[in-house]
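Pasting entry-v2.pdb here (PDB, C-alpha atoms):
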ATOM      1  CA  MET U   1     -12.368  -3.323 -50.360  1.00  0.00           C
ATOM      2  CA  SER U   2     -15.708  -2.589 -48.790  1.00  0.00           C
ATOM      3  CA  ALA U   3     -18.430  -5.171 -48.283  1.00  0.00           C
ATOM      4  CA  VAL U   4     -20.714  -3.542 -50.851  1.00  0.00           C
ATOM      5  CA  ALA U   5     -18.013  -3.764 -53.519  1.00  0.00           C
ATOM      6  CA  GLY U   6     -17.394  -7.423 -52.614  1.00  0.00           C
ATOM      7  CA  VAL U   7     -21.068  -8.317 -52.911  1.00  0.00           C
ATOM      8  CA  LEU U   8     -21.271  -6.462 -56.251  1.00  0.00           C
ATOM      9  CA  ILE U   9     -18.190  -8.291 -57.553  1.00  0.00           C
ATOM     10  CA  ALA U  10     -19.544 -11.685 -56.490  1.00  0.00           C
ATOM     11  CA  ALA U  11     -23.025 -11.030 -57.908  1.00  0.00           C
ATOM     12  CA  THR U  12     -21.850  -9.830 -61.326  1.00  0.00           C
ATOM     13  CA  MET U  13     -19.290 -12.645 -61.543  1.00  0.00           C
ATOM     14  CA  ILE U  14     -21.852 -15.350 -60.710  1.00  0.00           C
ATOM     15  CA  VAL U  15     -24.510 -14.011 -63.096  1.00  0.00           C
ATOM     16  CA  GLY U  16     -21.977 -13.605 -65.909  1.00  0.00           C
ATOM     17  CA  THR U  17     -20.622 -17.118 -65.444  1.00  0.00           C
ATOM     18  CA  PHE U  18     -24.185 -18.449 -65.432  1.00  0.00           C
ATOM     19  CA  LEU U  19     -24.924 -16.713 -68.749  1.00  0.00           C
ATOM     20  CA  VAL U  20     -21.708 -18.047 -70.340  1.00  0.00           C
ATOM     21  CA  LEU U  21     -22.625 -21.532 -69.129  1.00  0.00           C
ATOM     22  CA  ILE U  22     -26.115 -21.141 -70.647  1.00  0.00           C
ATOM     23  CA  ALA U  23     -24.519 -20.140 -73.962  1.00  0.00           C
ATOM     24  CA  SER U  24     -22.353 -23.273 -73.965  1.00  0.00           C
ATOM     25  CA  ILE U  25     -25.268 -25.559 -73.053  1.00  0.00           C
ATOM     26  CA  GLY U  26     -27.327 -24.026 -75.860  1.00  0.00           C
ATOM     27  CA  LEU U  27     -24.396 -24.575 -78.209  1.00  0.00           C
ATOM     28  CA  VAL U  28     -24.519 -28.283 -77.445  1.00  0.00           C
ATOM     29  CA  ARG U  29     -28.268 -28.844 -77.247  1.00  0.00           C
ATOM     30  CA  PHE U  30     -29.827 -26.719 -80.021  1.00  0.00           C
ATOM     31  CA  PRO U  31     -30.826 -28.563 -83.202  1.00  0.00           C
ATOM     32  CA  ASP U  32     -29.283 -26.588 -86.089  1.00  0.00           C
ATOM     33  CA  VAL U  33     -26.533 -24.083 -86.723  1.00  0.00           C
ATOM     34  CA  PHE U  34     -28.756 -20.984 -86.686  1.00  0.00           C
ATOM     35  CA  CYS U  35     -30.183 -21.802 -83.238  1.00  0.00           C
ATOM     36  CA  ARG U  36     -26.634 -22.370 -81.997  1.00  0.00           C
ATOM     37  CA  MET U  37     -25.603 -18.957 -83.302  1.00  0.00           C
ATOM     38  CA  HIS U  38     -28.580 -17.431 -81.475  1.00  0.00           C
ATOM     39  CA  ALA U  39     -27.424 -18.947 -78.172  1.00  0.00           C
ATOM     40  CA  ALA U  40     -23.744 -18.109 -78.638  1.00  0.00           C
ATOM     41  CA  GLY U  41     -24.273 -14.561 -79.852  1.00  0.00           C
ATOM     42  CA  LYS U  42     -26.690 -13.283 -77.209  1.00  0.00           C
ATOM     43  CA  ALA U  43     -25.997 -14.967 -73.881  1.00  0.00           C
ATOM     44  CA  GLY U  44     -22.248 -15.059 -74.382  1.00  0.00           C
ATOM     45  CA  THR U  45     -21.968 -11.316 -75.039  1.00  0.00           C
ATOM     46  CA  MET U  46     -24.030 -10.343 -71.996  1.00  0.00           C
ATOM     47  CA  GLY U  47     -22.229 -12.798 -69.726  1.00  0.00           C
ATOM     48  CA  ILE U  48     -18.742 -11.704 -70.706  1.00  0.00           C
ATOM     49  CA  SER U  49     -19.738  -8.046 -70.245  1.00  0.00           C
ATOM     50  CA  LEU U  50     -20.871  -8.789 -66.690  1.00  0.00           C
ATOM     51  CA  ILE U  51     -17.616 -10.638 -65.910  1.00  0.00           C
ATOM     52  CA  ILE U  52     -15.533  -7.716 -67.237  1.00  0.00           C
ATOM     53  CA  ILE U  53     -17.657  -5.297 -65.144  1.00  0.00           C
ATOM     54  CA  SER U  54     -16.910  -7.377 -62.040  1.00  0.00           C
ATOM     55  CA  SER U  55     -13.159  -7.162 -62.687  1.00  0.00           C
ATOM     56  CA  VAL U  56     -13.463  -3.397 -63.269  1.00  0.00           C
ATOM     57  CA  ILE U  57     -15.194  -3.031 -59.880  1.00  0.00           C
ATOM     58  CA  CYS U  58     -12.518  -5.199 -58.255  1.00  0.00           C
ATOM     59  CA  PHE U  59      -9.627  -3.063 -59.535  1.00  0.00           C
ATOM     60  CA  ALA U  60     -11.346   0.323 -59.038  1.00  0.00           C
ATOM     61  CA  GLY U  61      -9.072   2.606 -57.030  1.00  0.00           C
ATOM     62  CA  VAL U  62      -6.142   0.200 -57.309  1.00  0.00           C
ATOM     63  CA  ASP U  63      -5.204   0.261 -60.972  1.00  0.00           C
ATOM     64  CA  ASN U  64      -7.205   2.695 -63.064  1.00  0.00           C
ATOM     65  CA  SER U  65      -5.849   1.433 -66.384  1.00  0.00           C
ATOM     66  CA  ILE U  66      -8.023  -1.665 -65.864  1.00  0.00           C
ATOM     67  CA  LEU U  67     -11.086   0.587 -66.212  1.00  0.00           C
ATOM     68  CA  VAL U  68     -10.029   1.761 -69.672  1.00  0.00           C
ATOM     69  CA  ARG U  69      -9.044  -1.715 -70.822  1.00  0.00           C
ATOM     70  CA  GLY U  70     -12.246  -3.279 -69.486  1.00  0.00           C
ATOM     71  CA  LEU U  71     -14.515  -0.709 -71.120  1.00  0.00           C
ATOM     72  CA  LEU U  72     -12.535  -1.151 -74.357  1.00  0.00           C
ATOM     73  CA  ALA U  73     -13.064  -4.917 -74.133  1.00  0.00           C
ATOM     74  CA  ILE U  74     -16.830  -4.504 -73.570  1.00  0.00           C
ATOM     75  CA  PHE U  75     -17.042  -2.076 -76.516  1.00  0.00           C
ATOM     76  CA  PHE U  76     -15.185  -4.451 -78.844  1.00  0.00           C
ATOM     77  CA  GLN U  77     -17.246  -7.411 -77.626  1.00  0.00           C
ATOM     78  CA  PHE U  78     -20.520  -5.653 -78.391  1.00  0.00           C
ATOM     79  CA  LEU U  79     -19.098  -4.539 -81.745  1.00  0.00           C
ATOM     80  CA  THR U  80     -17.613  -7.818 -82.945  1.00  0.00           C
ATOM     81  CA  THR U  81     -19.680 -10.745 -81.636  1.00  0.00           C
ATOM     82  CA  PRO U  82     -23.023  -9.886 -83.350  1.00  0.00           C
ATOM     83  CA  THR U  83     -21.128  -8.995 -86.539  1.00  0.00           C
ATOM     84  CA  ALA U  84     -19.279 -12.299 -86.624  1.00  0.00           C
ATOM     85  CA  THR U  85     -22.468 -14.226 -85.863  1.00  0.00           C
ATOM     86  CA  HIS U  86     -24.330 -12.405 -88.639  1.00  0.00           C
ATOM     87  CA  LEU U  87     -21.536 -13.121 -91.137  1.00  0.00           C
ATOM     88  CA  LEU U  88     -21.498 -16.803 -90.207  1.00  0.00           C
ATOM     89  CA  ALA U  89     -25.307 -17.088 -90.403  1.00  0.00           C
ATOM     90  CA  ARG U  90     -25.416 -15.461 -93.831  1.00  0.00           C
ATOM     91  CA  SER U  91     -22.624 -17.599 -95.239  1.00  0.00           C
ATOM     92  CA  SER U  92     -24.095 -20.805 -93.852  1.00  0.00           C
ATOM     93  CA  TYR U  93     -27.485 -19.865 -95.362  1.00  0.00           C
ATOM     94  CA  VAL U  94     -25.780 -19.288 -98.708  1.00  0.00           C
ATOM     95  CA  ARG U  95     -24.106 -22.704 -98.360  1.00  0.00           C
ATOM     96  CA  ASN U  96     -27.582 -24.307 -97.977  1.00  0.00           C
ATOM     97  CA  TYR U  97     -27.007 -25.620 -94.481  1.00  0.00           C
ATOM     98  CA  SER U  98     -30.196 -27.412 -93.528  1.00  0.00           C
ATOM     99  CA  LEU U  99     -32.675 -25.788 -91.165  1.00  0.00           C
ATOM    100  CA  THR U 100     -34.222 -27.973 -88.511  1.00  0.00           C
ATOM    101  CA  ASP U 101     -37.508 -29.652 -89.385  1.00  0.00           C
ATOM    102  CA  ARG U 102     -39.237 -27.660 -86.616  1.00  0.00           C
ATOM    103  CA  THR U 103     -38.668 -24.391 -88.509  1.00  0.00           C
ATOM    104  CA  VAL U 104     -41.923 -22.450 -88.832  1.00  0.00           C
ATOM    105  CA  VAL U 105     -41.034 -19.714 -91.339  1.00  0.00           C
ATOM    106  CA  ASP U 106     -38.054 -19.089 -93.602  1.00  0.00           C
ATOM    107  CA  GLU U 107     -38.269 -15.454 -94.673  1.00  0.00           C
ATOM    108  CA  LEU U 108     -35.025 -15.521 -96.644  1.00  0.00           C
ATOM    109  CA  LYS U 109     -36.247 -18.222 -99.026  1.00  0.00           C
ATOM    110  CA  GLY U 110     -35.605 -16.909-102.533  1.00  0.00           C
ATOM    111  CA  MET U 111     -34.148 -13.614-101.286  1.00  0.00           C
ATOM    112  CA  ILE U 112     -30.478 -14.633-101.252  1.00  0.00           C
ATOM    113  CA  PRO U 113     -29.007 -16.520-104.216  1.00  0.00           C
ATOM    114  CA  SER U 114     -28.169 -19.776-102.532  1.00  0.00           C
ATOM    115  CA  THR U 115     -25.263 -20.809-104.691  1.00  0.00           C
ATOM    116  CA  PRO U 116     -21.714 -19.865-103.768  1.00  0.00           C
ATOM    117  CA  ASP U 117     -19.426 -18.091-106.203  1.00  0.00           C
ATOM    118  CA  GLU U 118     -17.076 -20.995-106.801  1.00  0.00           C
ATOM    119  CA  THR U 119     -17.258 -24.683-106.198  1.00  0.00           C
ATOM    120  CA  TYR U 120     -16.275 -25.659-102.694  1.00  0.00           C
ATOM    121  CA  VAL U 121     -15.748 -29.224-101.562  1.00  0.00           C
ATOM    122  CA  GLU U 122     -17.582 -29.929 -98.313  1.00  0.00           C
ATOM    123  CA  GLU U 123     -15.360 -31.506 -95.655  1.00  0.00           C
TER     124      GLU U 123
ATOM    125  CA  MET E 232     -14.333 -10.722 -47.597  1.00  0.00           C
ATOM    126  CA  ASN E 233     -11.332 -11.767 -49.667  1.00  0.00           C
ATOM    127  CA  GLY E 234     -11.734 -15.442 -48.751  1.00  0.00           C
ATOM    128  CA  PHE E 235     -15.377 -15.377 -49.837  1.00  0.00           C
ATOM    129  CA  LEU E 236     -14.423 -13.786 -53.159  1.00  0.00           C
ATOM    130  CA  VAL E 237     -11.634 -16.307 -53.724  1.00  0.00           C
ATOM    131  CA  TRP E 238     -14.089 -19.175 -53.205  1.00  0.00           C
ATOM    132  CA  THR E 239     -16.654 -17.536 -55.504  1.00  0.00           C
ATOM    133  CA  SER E 240     -14.100 -17.052 -58.266  1.00  0.00           C
ATOM    134  CA  THR E 241     -12.897 -20.647 -57.873  1.00  0.00           C
ATOM    135  CA  ILE E 242     -16.442 -21.952 -58.375  1.00  0.00           C
ATOM    136  CA  CYS E 243     -16.918 -19.602 -61.357  1.00  0.00           C
ATOM    137  CA  LEU E 244     -13.642 -20.887 -62.835  1.00  0.00           C
ATOM    138  CA  MET E 245     -14.889 -24.473 -62.531  1.00  0.00           C
ATOM    139  CA  ALA E 246     -18.146 -23.556 -64.299  1.00  0.00           C
ATOM    140  CA  MET E 247     -16.251 -21.798 -67.058  1.00  0.00           C
ATOM    141  CA  PHE E 248     -13.891 -24.709 -67.610  1.00  0.00           C
ATOM    142  CA  PHE E 249     -17.023 -26.872 -67.951  1.00  0.00           C
ATOM    143  CA  SER E 250     -18.313 -24.373 -70.542  1.00  0.00           C
ATOM    144  CA  ALA E 251     -15.009 -24.662 -72.420  1.00  0.00           C
ATOM    145  CA  ALA E 252     -15.386 -28.455 -72.390  1.00  0.00           C
ATOM    146  CA  LEU E 253     -18.892 -28.140 -73.871  1.00  0.00           C
ATOM    147  CA  CYS E 254     -17.568 -25.831 -76.625  1.00  0.00           C
ATOM    148  CA  LEU E 255     -14.782 -28.319 -77.404  1.00  0.00           C
ATOM    149  CA  TYR E 256     -17.397 -31.095 -77.599  1.00  0.00           C
ATOM    150  CA  ARG E 257     -19.403 -29.120 -80.153  1.00  0.00           C
ATOM    151  CA  MET E 258     -16.193 -28.333 -82.028  1.00  0.00           C
ATOM    152  CA  ILE E 259     -15.379 -32.041 -82.257  1.00  0.00           C
ATOM    153  CA  ILE E 260     -18.820 -33.398 -83.195  1.00  0.00           C
ATOM    154  CA  GLY E 261     -20.050 -30.358 -85.159  1.00  0.00           C
ATOM    155  CA  PRO E 262     -21.479 -31.684 -88.405  1.00  0.00           C
ATOM    156  CA  LYS E 263     -20.559 -28.668 -90.557  1.00  0.00           C
ATOM    157  CA  ALA E 264     -17.775 -26.123 -90.563  1.00  0.00           C
ATOM    158  CA  ALA E 265     -20.063 -23.289 -89.397  1.00  0.00           C
ATOM    159  CA  ASP E 266     -20.816 -25.201 -86.184  1.00  0.00           C
ATOM    160  CA  ARG E 267     -17.102 -25.405 -85.498  1.00  0.00           C
ATOM    161  CA  ALA E 268     -16.693 -21.689 -86.209  1.00  0.00           C
ATOM    162  CA  VAL E 269     -19.477 -20.785 -83.757  1.00  0.00           C
ATOM    163  CA  ALA E 270     -17.923 -23.094 -81.164  1.00  0.00           C
ATOM    164  CA  LEU E 271     -14.536 -21.392 -81.683  1.00  0.00           C
ATOM    165  CA  ASP E 272     -16.124 -17.971 -81.206  1.00  0.00           C
ATOM    166  CA  THR E 273     -17.797 -19.061 -77.968  1.00  0.00           C
ATOM    167  CA  LEU E 274     -14.556 -20.700 -76.825  1.00  0.00           C
ATOM    168  CA  SER E 275     -12.676 -17.412 -77.202  1.00  0.00           C
ATOM    169  CA  THR E 276     -15.453 -15.721 -75.177  1.00  0.00           C
ATOM    170  CA  VAL E 277     -15.081 -18.335 -72.438  1.00  0.00           C
ATOM    171  CA  PHE E 278     -11.304 -17.825 -72.417  1.00  0.00           C
ATOM    172  CA  ILE E 279     -11.786 -14.070 -71.933  1.00  0.00           C
ATOM    173  CA  GLY E 280     -13.977 -14.825 -68.918  1.00  0.00           C
ATOM    174  CA  ILE E 281     -11.400 -17.268 -67.546  1.00  0.00           C
ATOM    175  CA  ILE E 282      -8.643 -14.641 -67.850  1.00  0.00           C
ATOM    176  CA  CYS E 283     -10.789 -12.011 -66.071  1.00  0.00           C
ATOM    177  CA  VAL E 284     -11.730 -14.286 -63.173  1.00  0.00           C
ATOM    178  CA  MET E 285      -8.177 -15.627 -62.803  1.00  0.00           C
ATOM    179  CA  THR E 286      -6.841 -12.049 -62.675  1.00  0.00           C
ATOM    180  CA  ILE E 287      -9.310 -11.217 -59.903  1.00  0.00           C
ATOM    181  CA  GLU E 288      -8.453 -14.385 -57.971  1.00  0.00           C
ATOM    182  CA  TRP E 289      -4.666 -13.936 -58.228  1.00  0.00           C
ATOM    183  CA  PHE E 290      -4.982 -10.270 -57.246  1.00  0.00           C
ATOM    184  CA  LEU E 291      -7.029 -11.174 -54.155  1.00  0.00           C
ATOM    185  CA  MET E 292      -4.535 -13.910 -53.266  1.00  0.00           C
ATOM    186  CA  GLY E 293      -1.753 -11.311 -53.198  1.00  0.00           C
ATOM    187  CA  TYR E 294      -0.122 -11.609 -56.626  1.00  0.00           C
ATOM    188  CA  HIS E 295      -0.421  -7.945 -57.561  1.00  0.00           C
ATOM    189  CA  SER E 296       1.504  -8.309 -60.817  1.00  0.00           C
ATOM    190  CA  ALA E 297      -1.291 -10.448 -62.320  1.00  0.00           C
ATOM    191  CA  VAL E 298      -2.732  -7.246 -63.804  1.00  0.00           C
ATOM    192  CA  VAL E 299      -0.411  -7.621 -66.805  1.00  0.00           C
ATOM    193  CA  TYR E 300      -2.529 -10.497 -68.104  1.00  0.00           C
ATOM    194  CA  TYR E 301      -5.491  -8.157 -68.500  1.00  0.00           C
ATOM    195  CA  ASP E 302      -4.310  -6.934 -71.900  1.00  0.00           C
ATOM    196  CA  ALA E 303      -5.181 -10.349 -73.301  1.00  0.00           C
ATOM    197  CA  VAL E 304      -8.880  -9.622 -72.675  1.00  0.00           C
ATOM    198  CA  TRP E 305      -9.441  -7.018 -75.361  1.00  0.00           C
ATOM    199  CA  ILE E 306      -6.816  -8.408 -77.735  1.00  0.00           C
ATOM    200  CA  LEU E 307      -8.477 -11.843 -77.678  1.00  0.00           C
ATOM    201  CA  THR E 308     -11.807 -10.213 -78.599  1.00  0.00           C
ATOM    202  CA  LEU E 309     -10.361  -8.769 -81.816  1.00  0.00           C
ATOM    203  CA  VAL E 310      -8.456 -11.944 -82.724  1.00  0.00           C
ATOM    204  CA  GLY E 311     -11.599 -14.062 -82.275  1.00  0.00           C
ATOM    205  CA  PHE E 312     -13.543 -11.715 -84.554  1.00  0.00           C
ATOM    206  CA  ILE E 313     -10.888 -11.932 -87.275  1.00  0.00           C
ATOM    207  CA  GLY E 314     -10.992 -15.737 -87.125  1.00  0.00           C
ATOM    208  CA  SER E 315     -14.778 -15.913 -87.380  1.00  0.00           C
ATOM    209  CA  ALA E 316     -14.925 -13.374 -90.231  1.00  0.00           C
ATOM    210  CA  ALA E 317     -12.262 -15.283 -92.179  1.00  0.00           C
ATOM    211  CA  ILE E 318     -14.101 -18.591 -91.780  1.00  0.00           C
ATOM    212  CA  ALA E 319     -17.400 -16.961 -92.830  1.00  0.00           C
ATOM    213  CA  LYS E 320     -15.871 -15.408 -95.950  1.00  0.00           C
ATOM    214  CA  TYR E 321     -14.219 -18.699 -96.853  1.00  0.00           C
ATOM    215  CA  LEU E 322     -17.509 -20.572 -96.473  1.00  0.00           C
ATOM    216  CA  GLN E 323     -19.420 -18.044 -98.554  1.00  0.00           C
ATOM    217  CA  ARG E 324     -17.069 -17.748-101.519  1.00  0.00           C
ATOM    218  CA  GLY E 325     -14.856 -20.811-101.469  1.00  0.00           C
ATOM    219  CA  ARG E 326     -11.769 -18.645-101.174  1.00  0.00           C
ATOM    220  CA  LEU E 327     -10.564 -16.139 -98.643  1.00  0.00           C
ATOM    221  CA  PHE E 328      -9.906 -12.953-100.644  1.00  0.00           C
TER     222      PHE E 328
END
Can you give me the file's structure in the form of structure tokens?
Amino acid sequence: MSAVAGVLIAATMIVGTFLVLIASIGLVRFPDVFCRMHAAGKAGTMGISLIIISSVICFAGVDNSILVRGLLAIFFQFLTTPTATHLLARSSYVRNYSLTDRTVVDELKGMIPSTPDETYVEE
Amino acid sequence: MNGFLVWTSTICLMAMFFSAALCLYRMIIGPKAADRAVALDTLSTVFIGIICVMTIEWFLMGYHSAVVYYDAVWILTLVGFIGSAAIAKYLQRGRLF
């Protein structure tokens, strides 16, 4: 492995780990569930893509099936994580989960019927 | 070069285990079920990163058969999505299907 490839691997790995760490810190420190979804859905996706890119660079020329599997993983990550976050945000808005008191504007107020289909006992 | 990369991946593994601990903390204290679902989604993301970095580290340390663990990366993505979508549907309608 050449020195350029090593520096690229280290740089992408460190930046990706930093973004994943930022996502986790935001998950702990943000005030309500929608802010937490914002942190987990954006920083986590970018960070995991950078980590997968670093492993693809590391195995380039050694095992070319890693390239296909890594690109497949990045594609599925970009496809699934925003979708899952959007589904969770919509369902928690329908369940009337409270916004934080620092919320400035709530554009969905009155747009979505905020009663679920059937009665559901909160935990 | 390999020693430098092994040290870098060790430090990145420590940071990612700390991230997993933070996700577990939010999963324990999360006031509502959606918080726990978001924490589970992020935890699966962190596990994908841990598998990637551990594969790199084991490969650089000479264990060339560690490549077989790499299939877990893209499979874990799909499984995490199915879990989050199921929890979201259950929260929205009170039943799963």
What does the distance between CA of Ala246 (chain E) and CA of Ile53 (chain U) come to in Å, to one decimal place? 18.3 Å
May I have the residues of chain E within 7 Å of chain U, counting all atoms listed in the file, written as a compact mmCIF listing (two decimals) with C-alpha atoms, keeping the file's coordinate frame?
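Wrote it out as out.txt, contents follow:
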# COMPACT_ATOMS: atom_id res chain seq x y z
CA MET E 232 -14.33 -10.72 -47.60
CA LEU E 236 -14.42 -13.79 -53.16
CA THR E 239 -16.65 -17.54 -55.50
CA CYS E 243 -16.92 -19.60 -61.36
CA ALA E 246 -18.15 -23.56 -64.30
CA MET E 247 -16.25 -21.80 -67.06
CA SER E 250 -18.31 -24.37 -70.54
CA LEU E 253 -18.89 -28.14 -73.87
CA CYS E 254 -17.57 -25.83 -76.62
CA ARG E 257 -19.40 -29.12 -80.15
CA ALA E 265 -20.06 -23.29 -89.40
CA ASP E 266 -20.82 -25.20 -86.18
CA VAL E 269 -19.48 -20.78 -83.76
CA THR E 273 -17.80 -19.06 -77.97
CA THR E 276 -15.45 -15.72 -75.18
CA VAL E 277 -15.08 -18.34 -72.44
CA GLY E 280 -13.98 -14.82 -68.92
CA CYS E 283 -10.79 -12.01 -66.07
CA ILE E 287 -9.31 -11.22 -59.90
CA VAL E 304 -8.88 -9.62 -72.68
CA TRP E 305 -9.44 -7.02 -75.36
CA THR E 308 -11.81 -10.21 -78.60
CA PHE E 312 -13.54 -11.72 -84.55
CA SER E 315 -14.78 -15.91 -87.38
CA ALA E 316 -14.92 -13.37 -90.23
CA ALA E 319 -17.40 -16.96 -92.83
CA LEU E 322 -17.51 -20.57 -96.47
CA GLN E 323 -19.42 -18.04 -98.55
CA ARG E 324 -17.07 -17.75 -101.52
CA GLY E 325 -14.86 -20.81 -101.47
Find the residue from E:Leu291, E:Ala268, E:Val299, E:Met285 that sits nearest to Ile313 (chain E); use all atoms listed in the file when measuring.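 Using all atoms listed in the file, Ile313 (chain E) sits closest to E:Ala268.
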Atom-to-atom span, CA of Lys263 (chain E) and CA of Met46 (chain U), Å: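 Value for the CA of Lys263 (chain E)-CA of Met46 (chain U) distance: 26.3 Å.
Comparing E:Ala264, E:Leu244, E:Ala252, E:Leu271 by their smallest distance to Gly311 (chain E), the closest is E:Leu271 (using only C-alpha atoms).
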Emit as JSON the padded axis-aligned box for all listed atoms of region 65-68 of chain U, 6 Å per side, with centre and edge lengths in Å to one decimal.
{"center_x": -8.5, "center_y": 0.0, "center_z": -67.8, "size_x": 17.2, "size_y": 15.4, "size_z": 15.8}
Could you jot down the CA of Leu255 (chain E) to CA of Leu274 (chain E) separation for me, Å, one decimal place?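 We find that CA of Leu255 (chain E) and CA of Leu274 (chain E) lie 7.6 Å from each other.
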